[in-house]
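A.B. asks: Sharing upload20.cif (mmCIF, C-alpha atoms) below.
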```cif
data_my_file
#
loop_
_atom_site.label_atom_id
_atom_site.label_comp_id
_atom_site.auth_asym_id
_atom_site.auth_seq_id
_atom_site.Cartn_x
_atom_site.Cartn_y
_atom_site.Cartn_z
CA MET E 1 -89.79 61.18 0.25
CA ASP E 2 -90.35 64.21 2.53
CA THR E 3 -93.61 64.90 0.72
CA ILE E 4 -94.83 61.42 1.60
CA ILE E 5 -93.78 61.77 5.23
CA SER E 6 -95.58 65.08 5.65
CA TYR E 7 -98.63 63.76 3.81
CA LEU E 8 -98.83 60.84 6.21
CA ASP E 9 -98.26 63.14 9.20
CA ASN E 10 -101.13 65.32 8.06
CA MET E 11 -103.42 62.35 7.58
CA PHE E 12 -102.72 61.07 11.09
CA ALA E 13 -102.69 64.48 12.76
CA SER E 14 -106.36 64.32 13.71
CA LEU E 15 -106.23 60.73 14.94
CA PRO E 16 -105.63 59.85 18.58
CA ASN E 17 -102.03 59.20 19.48
CA THR E 18 -102.48 55.59 20.57
CA ARG E 19 -100.02 52.80 20.14
CA GLN E 20 -102.33 51.11 17.63
CA MET E 21 -102.36 54.23 15.46
CA ARG E 22 -98.60 54.72 15.76
CA GLU E 23 -98.06 51.15 14.63
CA LEU E 24 -100.48 51.56 11.75
CA LYS E 25 -98.73 54.72 10.69
CA ASP E 26 -95.33 53.00 10.74
CA GLU E 27 -96.73 50.13 8.72
CA LEU E 28 -98.28 52.43 6.14
CA PHE E 29 -95.08 54.41 5.94
CA ASN E 30 -93.05 51.26 5.25
CA ASN E 31 -95.45 50.29 2.47
CA MET E 32 -95.39 53.73 0.90
CA GLU E 33 -91.62 53.86 1.10
CA ASP E 34 -91.25 50.48 -0.62
CA LYS E 35 -93.75 51.46 -3.27
CA TYR E 36 -91.98 54.77 -3.87
CA TYR E 37 -88.56 53.17 -4.38
CA GLU E 38 -89.98 50.46 -6.61
CA LEU E 39 -91.68 53.07 -8.78
CA LYS E 40 -88.46 55.08 -9.02
CA GLN E 41 -86.59 51.93 -9.99
CA ALA E 42 -89.17 51.26 -12.67
CA GLY E 43 -88.13 54.57 -14.20
CA LYS E 44 -90.86 56.88 -12.88
CA SER E 45 -89.91 60.48 -12.14
CA GLU E 46 -89.89 61.80 -8.57
CA ASN E 47 -93.22 63.58 -9.04
CA GLU E 48 -94.90 60.64 -10.75
CA ALA E 49 -93.77 58.27 -8.00
CA ILE E 50 -95.03 60.56 -5.22
CA GLY E 51 -98.29 61.11 -7.12
CA ILE E 52 -98.97 57.40 -7.48
CA VAL E 53 -98.07 56.61 -3.87
CA ILE E 54 -100.37 59.33 -2.56
CA SER E 55 -103.23 58.54 -4.92
CA GLU E 56 -103.14 54.92 -3.79
CA PHE E 57 -103.23 55.87 -0.13
CA GLY E 58 -107.01 56.11 0.04
CA ASN E 59 -109.23 57.90 2.48
CA ILE E 60 -108.36 58.31 6.13
CA ASP E 61 -112.07 58.33 7.05
CA GLU E 62 -112.08 54.62 6.29
CA ILE E 63 -109.58 54.10 9.09
CA ILE E 64 -111.53 56.33 11.46
CA GLU E 65 -114.72 54.39 10.78
CA GLU E 66 -113.27 50.90 10.80
CA PHE E 67 -111.16 51.37 13.93
CA GLY E 68 -114.11 52.96 15.74
CA LEU E 69 -112.27 56.22 16.29
CA SER E 70 -115.16 58.56 15.56
CA GLU E 71 -116.47 58.53 19.13
CA ILE E 72 -113.14 59.09 20.82
CA LYS E 73 -111.89 61.49 18.22
CA ASP E 74 -113.47 64.48 19.94
CA GLU E 75 -112.76 63.78 23.56
CA GLU E 76 -109.17 63.93 24.64
CA ALA E 77 -107.60 60.60 23.86
CA LYS E 78 -105.92 58.94 26.78
CA GLN E 79 -102.44 57.75 26.16
CA VAL E 80 -101.59 54.24 27.20
CA LEU E 81 -98.21 54.35 28.89
CA THR E 82 -95.67 51.77 27.83
CA GLU E 83 -93.63 49.91 30.39
CA SER E 84 -90.50 51.88 29.56
CA GLU E 85 -92.35 55.19 29.96
CA VAL E 86 -93.49 54.08 33.41
CA ASP E 87 -89.98 52.97 34.34
CA ASN E 88 -88.65 56.26 33.09
CA TYR E 89 -91.14 58.20 35.20
CA LEU E 90 -90.32 56.24 38.36
CA HIS E 91 -86.61 56.55 37.76
CA SER E 92 -86.81 60.31 37.15
CA THR E 93 -88.98 60.77 40.23
CA ARG E 94 -86.38 59.00 42.33
CA THR E 95 -83.53 61.11 40.97
CA ALA E 96 -85.47 64.36 41.14
CA SER E 97 -86.77 63.84 44.67
CA LYS E 98 -83.31 62.82 45.81
CA TRP E 99 -81.96 66.18 44.67
CA ILE E 100 -84.96 68.14 45.93
CA GLY E 101 -84.50 66.44 49.29
CA VAL E 102 -80.80 67.34 49.31
CA GLY E 103 -81.80 70.94 48.47
CA ALA E 104 -84.18 71.10 51.42
CA VAL E 105 -81.47 69.65 53.68
CA LEU E 106 -78.99 72.27 52.42
CA CYS E 107 -81.42 75.08 53.28
CA ILE E 108 -81.74 73.83 56.85
CA LEU E 109 -78.04 73.01 57.25
CA GLY E 110 -77.16 76.48 55.95
CA SER E 111 -78.92 78.07 58.88
CA ALA E 112 -77.36 75.46 61.16
CA VAL E 113 -73.89 76.50 59.97
CA LEU E 114 -74.73 80.14 60.61
CA VAL E 115 -75.97 79.39 64.12
CA LEU E 116 -72.94 77.17 64.74
CA ILE E 117 -70.41 79.83 63.72
CA ILE E 118 -72.07 82.39 65.93
CA GLY E 119 -72.17 79.89 68.79
CA LEU E 120 -68.50 79.08 68.42
CA MET E 121 -67.67 82.78 68.43
CA GLU E 122 -69.74 83.52 71.50
CA SER E 123 -68.30 80.65 73.44
CA GLY E 124 -64.83 81.84 72.49
CA LEU E 125 -63.87 78.67 70.63
CA LEU E 126 -63.61 80.52 67.35
CA LYS E 127 -61.44 83.60 67.68
CA ILE E 128 -62.50 85.88 64.85
CA SER E 129 -64.21 89.24 64.89
CA GLU E 130 -67.96 89.22 65.04
CA GLU E 131 -68.43 90.86 61.64
CA ILE E 132 -66.26 88.30 59.85
CA GLY E 133 -68.01 85.47 61.64
CA VAL E 134 -71.49 86.69 60.76
CA LEU E 135 -70.44 87.48 57.23
CA ALA E 136 -68.92 84.02 56.78
CA GLY E 137 -72.00 82.40 58.26
CA ILE E 138 -74.38 84.29 56.03
CA SER E 139 -72.23 83.69 52.96
CA ILE E 140 -72.26 79.97 53.64
CA LEU E 141 -76.02 80.10 54.17
CA LEU E 142 -76.49 81.92 50.86
CA VAL E 143 -74.22 79.49 49.00
CA PHE E 144 -76.21 76.59 50.46
CA VAL E 145 -79.51 78.21 49.54
CA ALA E 146 -78.31 79.04 46.02
CA THR E 147 -77.19 75.43 45.53
CA ALA E 148 -80.55 74.29 46.86
CA VAL E 149 -82.43 76.53 44.43
CA GLY E 150 -80.33 75.06 41.61
CA LEU E 151 -81.26 71.56 42.77
CA PHE E 152 -84.96 72.48 43.02
CA ILE E 153 -84.93 73.78 39.45
CA TYR E 154 -83.04 70.72 38.22
CA GLY E 155 -85.48 68.38 39.96
CA GLY E 156 -88.46 70.35 38.69
CA LEU E 157 -87.23 70.26 35.10
CA LYS E 158 -86.60 66.54 35.32
CA LEU E 159 -90.23 65.97 36.26
CA ASP E 160 -91.61 68.58 33.90
CA LYS E 161 -91.80 66.24 30.91
CA PHE E 162 -93.96 63.86 32.93
CA LYS E 163 -96.66 66.48 33.50
CA HIS E 164 -99.27 64.30 31.83
CA ILE E 165 -98.64 61.67 34.51
CA GLY E 166 -97.76 63.85 37.47
CA SER E 167 -100.44 66.49 37.43
CA LYS E 168 -103.02 65.76 34.75
CA GLY E 169 -103.55 62.05 35.17
CA ASN E 170 -104.30 61.87 31.47
CA PHE E 171 -103.16 58.33 30.79
CA ASP E 172 -104.05 54.67 31.09
CA LEU E 173 -101.99 51.69 32.10
CA SER E 174 -102.10 48.30 30.48
CA TYR E 175 -103.22 45.48 32.75
CA GLN E 176 -99.76 43.92 33.09
CA VAL E 177 -98.02 47.21 33.86
CA ARG E 178 -100.67 48.06 36.43
CA GLU E 179 -100.17 44.71 38.15
CA ARG E 180 -96.43 45.26 38.25
CA ILE E 181 -96.75 48.76 39.72
CA GLU E 182 -99.19 47.49 42.33
CA ASP E 183 -96.70 44.80 43.34
CA GLU E 184 -93.87 47.31 43.52
CA LYS E 185 -95.98 49.66 45.61
CA ARG E 186 -96.87 46.86 48.00
CA ALA E 187 -93.17 45.99 48.33
CA PHE E 188 -92.32 49.64 48.93
CA GLN E 189 -95.04 50.22 51.55
CA PRO E 190 -93.12 48.91 54.60
CA THR E 191 -90.08 51.04 53.72
CA PHE E 192 -92.30 54.07 53.29
CA MET E 193 -94.07 53.50 56.62
CA LEU E 194 -90.76 52.96 58.42
CA THR E 195 -89.20 56.15 57.06
CA LEU E 196 -92.38 58.06 57.85
CA ILE E 197 -92.25 56.86 61.46
CA ILE E 198 -88.53 57.60 61.76
CA GLY E 199 -89.14 61.09 60.36
CA VAL E 200 -91.98 61.83 62.75
CA VAL E 201 -89.97 60.50 65.71
CA LEU E 202 -87.00 62.69 64.72
CA ILE E 203 -89.23 65.77 64.50
CA ILE E 204 -90.77 65.05 67.89
CA LEU E 205 -87.39 64.27 69.43
CA SER E 206 -85.65 67.37 68.10
CA PRO E 207 -87.13 69.84 70.66
CA VAL E 208 -86.57 67.23 73.37
CA VAL E 209 -82.86 67.23 72.50
CA LEU E 210 -82.97 71.01 72.55
CA PHE E 211 -84.47 71.24 76.01
CA THR E 212 -82.35 68.46 77.45
CA LEU E 213 -79.15 70.17 76.35
CA LEU E 214 -80.44 73.52 77.57
CA THR E 215 -80.57 72.15 81.08
CA PHE E 216 -76.80 71.72 80.92
CA GLY E 217 -76.44 75.43 80.61
CA GLU E 218 -76.77 78.40 78.32
CA ASN E 219 -73.58 77.47 76.45
CA PHE E 220 -75.17 74.42 74.99
CA ALA E 221 -78.09 76.40 73.63
CA ILE E 222 -76.60 77.01 70.22
CA PHE E 223 -75.19 73.52 69.78
CA SER E 224 -78.51 72.06 70.71
CA VAL E 225 -80.11 74.23 68.02
CA VAL E 226 -77.62 72.83 65.51
CA ILE E 227 -78.39 69.27 66.55
CA MET E 228 -82.10 70.00 66.36
CA LEU E 229 -81.73 71.40 62.83
CA ILE E 230 -79.71 68.37 61.74
CA LEU E 231 -82.39 66.02 63.08
CA VAL E 232 -85.07 68.05 61.32
CA SER E 233 -83.12 68.01 58.07
CA ILE E 234 -82.81 64.21 58.19
CA ALA E 235 -86.56 63.98 58.74
CA VAL E 236 -87.24 66.40 55.89
CA TYR E 237 -85.08 64.36 53.55
CA LEU E 238 -86.91 61.17 54.49
CA PHE E 239 -90.28 62.86 53.94
CA VAL E 240 -89.32 64.37 50.60
CA TYR E 241 -87.60 61.34 49.10
CA PHE E 242 -89.76 58.46 50.26
CA GLY E 243 -92.90 60.57 50.13
CA SER E 244 -92.31 61.47 46.47
CA VAL E 245 -91.55 57.92 45.43
CA TYR E 246 -94.68 56.68 47.18
CA ASP E 247 -96.66 59.48 45.64
CA ALA E 248 -95.37 58.50 42.18
CA TYR E 249 -96.78 54.98 42.63
CA ASN E 250 -100.10 56.46 43.72
CA ARG E 251 -100.21 58.78 40.74
CA LEU E 252 -99.53 55.90 38.36
CA LEU E 253 -102.26 53.84 39.98
CA LYS E 254 -104.48 56.92 40.37
CA THR E 255 -105.23 56.09 43.98
CA LYS E 256 -107.31 58.63 45.82
CA LYS E 257 -104.52 59.69 48.12
CA ALA E 258 -102.45 61.16 45.34
CA ASN E 259 -105.24 62.79 43.37
CA GLY E 260 -103.04 65.81 42.89
CA TRP E 261 -105.12 66.79 39.89
CA THR E 262 -108.36 67.46 41.76
CA ASN E 263 -109.17 71.11 42.18
CA GLN E 264 -109.38 71.00 45.94
CA ASP E 265 -105.85 69.75 46.39
CA HIS E 266 -104.59 71.97 43.66
CA ASN E 267 -105.96 75.05 45.39
CA GLU E 268 -104.56 73.88 48.68
CA GLU E 269 -101.16 73.46 47.13
CA ARG E 270 -101.30 76.94 45.66
CA MET E 271 -102.43 78.43 48.95
CA ASN E 272 -99.56 76.69 50.75
CA ASP E 273 -97.10 77.94 48.16
CA ALA E 274 -98.39 81.48 48.54
CA VAL E 275 -98.23 81.41 52.33
CA ALA E 276 -94.77 79.83 52.31
CA SER E 277 -93.45 82.35 49.84
CA ILE E 278 -94.40 85.16 52.24
CA ILE E 279 -93.65 83.61 55.60
CA TRP E 280 -90.20 82.16 54.97
CA PRO E 281 -88.48 85.18 53.41
CA LEU E 282 -90.10 87.31 56.12
CA ALA E 283 -88.67 84.99 58.75
CA VAL E 284 -85.19 85.27 57.26
CA ILE E 285 -85.49 89.07 57.15
CA ILE E 286 -86.60 89.24 60.78
CA PHE E 287 -83.80 86.83 61.67
CA LEU E 288 -81.16 88.95 59.99
CA ILE E 289 -82.44 92.32 61.23
CA SER E 290 -82.88 91.17 64.83
CA GLY E 291 -79.38 89.75 64.70
CA PHE E 292 -77.51 92.58 63.07
CA ILE E 293 -79.31 95.54 64.53
CA TYR E 294 -80.48 94.27 67.90
CA HIS E 295 -77.80 91.59 68.42
CA LEU E 296 -80.35 88.98 69.36
CA TRP E 297 -78.45 86.07 67.78
CA HIS E 298 -78.78 83.98 70.91
CA ILE E 299 -82.56 83.85 70.75
CA ASN E 300 -83.74 84.91 67.29
CA TRP E 301 -83.46 81.38 65.77
CA ILE E 302 -86.84 80.92 67.42
CA ILE E 303 -88.19 82.73 64.35
CA PHE E 304 -87.85 79.57 62.27
CA PRO E 305 -89.87 77.18 64.42
CA ILE E 306 -92.48 79.94 64.74
CA ALA E 307 -92.58 80.40 60.97
CA ALA E 308 -92.97 76.65 60.54
CA LEU E 309 -95.85 76.64 63.02
CA ILE E 310 -97.59 79.54 61.30
CA SER E 311 -97.36 78.00 57.85
CA ALA E 312 -98.57 74.66 59.18
CA MET E 313 -101.51 76.43 60.83
CA PHE E 314 -102.39 78.24 57.63
CA SER E 315 -102.33 75.17 55.43
CA GLY E 316 -104.19 73.11 58.01
CA ALA E 317 -106.89 75.72 58.46
CA TYR E 318 -107.23 76.24 54.73
CA ALA E 319 -107.57 72.52 54.09
CA ILE E 320 -110.30 72.17 56.72
CA LEU E 321 -112.21 75.27 55.57
CA GLY E 322 -111.92 74.21 51.94
CA ARG E 323 -113.37 70.81 52.68
CA LYS E 324 -116.26 72.31 54.63
CA ASP E 325 -117.23 74.47 51.67
CA LYS E 326 -117.72 71.38 49.58
CA MET J 1 -110.05 49.94 -13.53
CA ILE J 2 -112.63 48.75 -11.00
CA SER J 3 -114.08 51.35 -8.65
CA SER J 4 -113.64 50.62 -4.96
CA ASP J 5 -117.41 50.99 -4.38
CA VAL J 6 -118.29 48.01 -6.58
CA ILE J 7 -115.73 45.67 -5.09
CA ARG J 8 -116.17 46.70 -1.46
CA GLY J 9 -117.93 43.52 -0.31
CA TYR J 10 -115.22 41.33 -1.77
CA ASN J 11 -112.01 42.85 -0.41
CA ASP J 12 -112.13 40.35 2.45
CA THR J 13 -112.46 37.47 0.01
CA ILE J 14 -109.51 38.70 -2.03
CA ILE J 15 -107.28 39.09 1.00
CA LEU J 16 -108.25 35.70 2.43
CA TYR J 17 -107.55 34.05 -0.93
CA LEU J 18 -104.03 35.46 -0.90
CA LEU J 19 -103.44 34.54 2.74
CA LEU J 20 -104.56 30.98 1.97
CA GLU J 21 -101.59 30.69 -0.37
CA LYS J 22 -99.12 31.94 2.23
CA GLU J 23 -98.88 34.30 5.18
CA SER J 24 -97.96 37.77 4.06
CA TYR J 25 -97.81 41.46 4.93
CA GLY J 26 -99.65 44.53 3.71
CA TYR J 27 -97.52 45.74 0.86
CA GLU J 28 -96.95 42.26 -0.56
CA ILE J 29 -100.70 41.64 -0.57
CA SER J 30 -101.49 44.92 -2.31
CA LYS J 31 -98.83 44.16 -4.94
CA LYS J 32 -100.27 40.67 -5.53
CA ILE J 33 -103.78 42.11 -5.94
CA LYS J 34 -102.50 44.54 -8.55
CA GLU J 35 -100.63 41.75 -10.30
CA LEU J 36 -103.37 39.11 -10.29
CA SER J 37 -105.98 41.64 -11.46
CA ASP J 38 -103.75 42.75 -14.34
CA GLU J 39 -103.64 46.18 -12.70
CA LYS J 40 -107.41 46.49 -13.08
CA TYR J 41 -107.84 46.72 -9.33
CA VAL J 42 -105.49 48.62 -7.05
CA ILE J 43 -106.49 48.39 -3.39
CA LYS J 44 -106.00 51.58 -1.41
CA GLU J 45 -103.79 51.45 1.69
CA THR J 46 -106.59 52.57 3.97
CA THR J 47 -108.99 50.00 2.51
CA LEU J 48 -106.45 47.23 3.00
CA TYR J 49 -105.74 48.06 6.61
CA SER J 50 -109.42 48.58 7.44
CA ALA J 51 -110.01 45.09 6.07
CA PHE J 52 -107.14 43.65 8.16
CA ASN J 53 -108.63 45.23 11.25
CA ARG J 54 -112.10 43.88 10.51
CA LEU J 55 -110.81 40.38 9.75
CA MET J 56 -108.74 40.35 12.93
CA LYS J 57 -111.68 41.48 15.04
CA ASN J 58 -113.74 38.61 13.67
CA GLY J 59 -110.93 36.15 14.29
CA TYR J 60 -110.48 35.30 10.59
CA ILE J 61 -106.83 36.25 10.52
CA GLU J 62 -104.00 36.61 13.05
CA SER J 63 -101.08 38.98 12.98
CA PHE J 64 -97.49 38.63 14.13
CA HIS J 65 -94.35 40.70 13.75
CA GLN J 66 -91.44 39.54 11.71
CA LYS J 67 -88.31 41.18 10.39
CA GLN J 68 -87.79 41.00 6.66
CA THR J 69 -84.49 39.87 5.20
CA HIS J 70 -83.44 43.45 4.56
CA GLY J 71 -84.34 44.60 8.03
CA LYS J 72 -87.80 46.20 8.07
CA LYS J 73 -90.16 45.12 10.80
CA ARG J 74 -93.43 44.03 9.23
CA THR J 75 -96.80 42.95 10.50
CA TYR J 76 -97.54 39.59 8.92
CA TYR J 77 -101.00 38.09 8.69
CA LYS J 78 -102.11 34.49 8.51
CA ILE J 79 -105.51 32.94 8.04
CA THR J 80 -107.23 31.01 10.84
CA GLY J 81 -109.57 28.03 10.70
CA LEU J 82 -112.47 30.38 11.19
CA GLY J 83 -111.14 32.49 8.33
CA LEU J 84 -111.07 29.52 6.00
CA GLN J 85 -114.70 28.74 6.86
CA TYR J 86 -115.64 32.35 6.21
CA TYR J 87 -113.78 32.29 2.90
CA GLN J 88 -115.75 29.22 1.79
CA GLU J 89 -119.01 30.97 2.69
CA LYS J 90 -117.93 34.01 0.68
CA CYS J 91 -117.20 31.79 -2.33
CA GLN J 92 -120.69 30.31 -2.10
CA GLU J 93 -122.14 33.80 -1.72
CA TRP J 94 -120.28 34.95 -4.84
CA LYS J 95 -121.58 32.00 -6.85
CA LEU J 96 -125.11 32.99 -5.92
CA THR J 97 -124.53 36.70 -6.50
CA LYS J 98 -123.03 36.03 -9.92
CA GLU J 99 -126.02 33.86 -10.90
CA VAL J 100 -128.54 36.44 -9.73
CA ILE J 101 -126.88 39.51 -11.24
CA ASN J 102 -126.26 37.68 -14.53
CA ARG J 103 -130.02 37.38 -14.98
CA PHE J 104 -130.25 41.15 -15.09
CA ILE J 105 -127.43 41.68 -17.54
CA LYS J 106 -128.16 42.06 -21.24
CA GLU J 107 -125.75 39.95 -23.25
CA GLU J 108 -125.64 42.52 -26.05
CA PHE J 109 -124.02 45.17 -23.87
CA LEU J 110 -121.19 42.96 -22.72
#
```
Could you render the structure as structure tokens?

C.D. replies:
Amino acid sequence: MDTIISYLDNMFASLPNTRQMRELKDELFNNMEDKYYELKQAGKSENEAIGIVISEFGNIDEIIEEFGLSEIKDEEAKQVLTESEVDNYLHSTRTASKWIGVGAVLCILGSAVLVLIIGLMESGLLKISEEIGVLAGISILLVFVATAVGLFIYGGLKLDKFKHIGSKGNFDLSYQVRERIEDEKRAFQPTFMLTLIIGVVLIILSPVVLFTLLTFGENFAIFSVVIMLILVSIAVYLFVYFGSVYDAYNRLLKTKKANGWTNQDHNEERMNDAVASIIWPLAVIIFLISGFIYHLWHINWIIFPIAALISAMFSGAYAILGRKDK
Amino acid sequence: MISSDVIRGYNDTIILYLLLEKESYGYEISKKIKELSDEKYVIKETTLYSAFNRLMKNGYIESFHQKQTHGKKRTYYKITGLGLQYYQEKCQEWKLTKEVINRFIKEEFL
């Protein structure tokens, strides 16, 4: 029986992996299986049975010709996604972006905890030695960041198997599925817009909170930083989660906005990644050194907004320059 | 044993004849062909399914899925009104073909 299976696999290996071909292959396999068992029952030996089944298979070129596969055989065949594959993709995107969002929040909250501990120590509310406080703060930060990295990897792996949808766009949707996704996207649009607005408002409000609290006195400085970071982290979560889900709809529908597979955007993404991978660790290093060696804990948090500004400037400038080149 | 080249133009006729009797699926049809031809013609799998595809495209047959009694999901085919019309044309065509070819056949070699 294995011989027949691998024979059939070989015959279909060069054909496009469409649903029609998969169904045909199943059908042929059923026939060959029935024929094989009937021949064995009729007293044929294993080899005779396999020989007859295979000799009566015919020529795969007939299928290629009749099903009009010769033209598409060379170019990369587009896979038509089934409804359950689409559901699976959307579901995985939701789960993955939830955890990636939580990871991003953890990174920000980690620094908030560090700032908070130092603030509590300086204001005398937390009576521990400075070294222990800083050590505890940094340990918590590292634990948060490590958890976040774990979540990023988990989320990334979850989406990895959907590469053909997410980054290559090498698929087609049936008419009904497309309609359904369009409806779902339309239903999701108000939620997406609302969370986008809330996120932007939170980001804009966060420095306002900072400055308002600062007017109450120096003591509030650190708590206002904590509040600012919490507001930012909520905004980041909203952006990551709702943004990814919206993006998933766009990728399925191949709307222009989500053309993540064009070269331009791809380069931009890589540039952003490269800049971020330099700026953020550098910011943390400056933060730690200025704190430990120069005892600038009260002011050195400013590093992080500055780093954010710089990376935003880089990606913005790169995007504009890149577009001009074209 | 008939070579598949000679019979090519009449696979459709054979399949439609069998589907006229009752709706059926691939393997059953190929078994019937073997049986009715006294094992003188065995249709290849690929030939059979190419013919199904062609007949479907022309609207001569329709397919539907059905589970067999012992559990296997099969694609069943049934003939349409258009298919019946086509079958009748093919029968007429065969009558003519037989007449014409017979005129070129020497009795003594049969």

A.B. asks: What separation in Å, quoted to one decimal, exists between CA of Val80 in chain E and CA of Ser174 in chain E?

C.D. replies: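 Computed distance, CA of Val80 in chain E to CA of Ser174 in chain E, equals 6.8 Å.
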
A.B. asks: May I ask which of the residues E:Leu90, E:Ile227, E:Leu126, E:Ile4 is the closest one to Asn250 in chain E, counting only C-alpha atoms?

C.D. replies: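 Selected residue with least distance to Asn250 in chain E: E:Leu90.
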
A.B. asks: Any idea what's packed within 12 Å of range 3-18 of chain J, counting all atoms listed in the file, ignoring anything in its chain fewer than 4 positions away? Could you give it as a VMD selection string?

C.D. replies: (chain E and resid 56 58 to 59 62) or (chain J and resid 22 to 37 40 to 56 58 60 to 62 77 to 94 97)

A.B. asks: If the PyMOL selection byres ((chain E) within 12 of (chain J)) is run on the structure shown, which residues does it catch, given as a ChimeraX atom specification?

C.D. replies: /E:8,11-12,20-21,23-36,38,52-68

A.B. asks: What is the distance between CA of Ile289 in chain E and CA of Ser311 in chain E, in Å to one decimal?

C.D. replies: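 About the pair CA of Ile289 in chain E and CA of Ser311 in chain E: they are 21.0 Å apart.
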
A.B. asks: Please measure the separation of CA of Gln189 in chain E and CA of Phe242 in chain E, giving the value in Å to one decimal.

C.D. replies: 9.9 Å

A.B. asks: I need the residue set behind the PyMOL selection byres ((chain E and resi 192-208) around 9) for this file; please write it as a list in words.

C.D. replies: Phe188, Gln189, Pro190, Thr191, Val209, Leu210, Phe211, Thr212, Leu213, Ser224, Val225, Ile227, Met228, Leu229, Ile230, Leu231, Val232, Ile234, Ala235, Val236, Tyr237, Leu238, Phe239, Phe242, Gly243, Val245 and Tyr246 of chain E
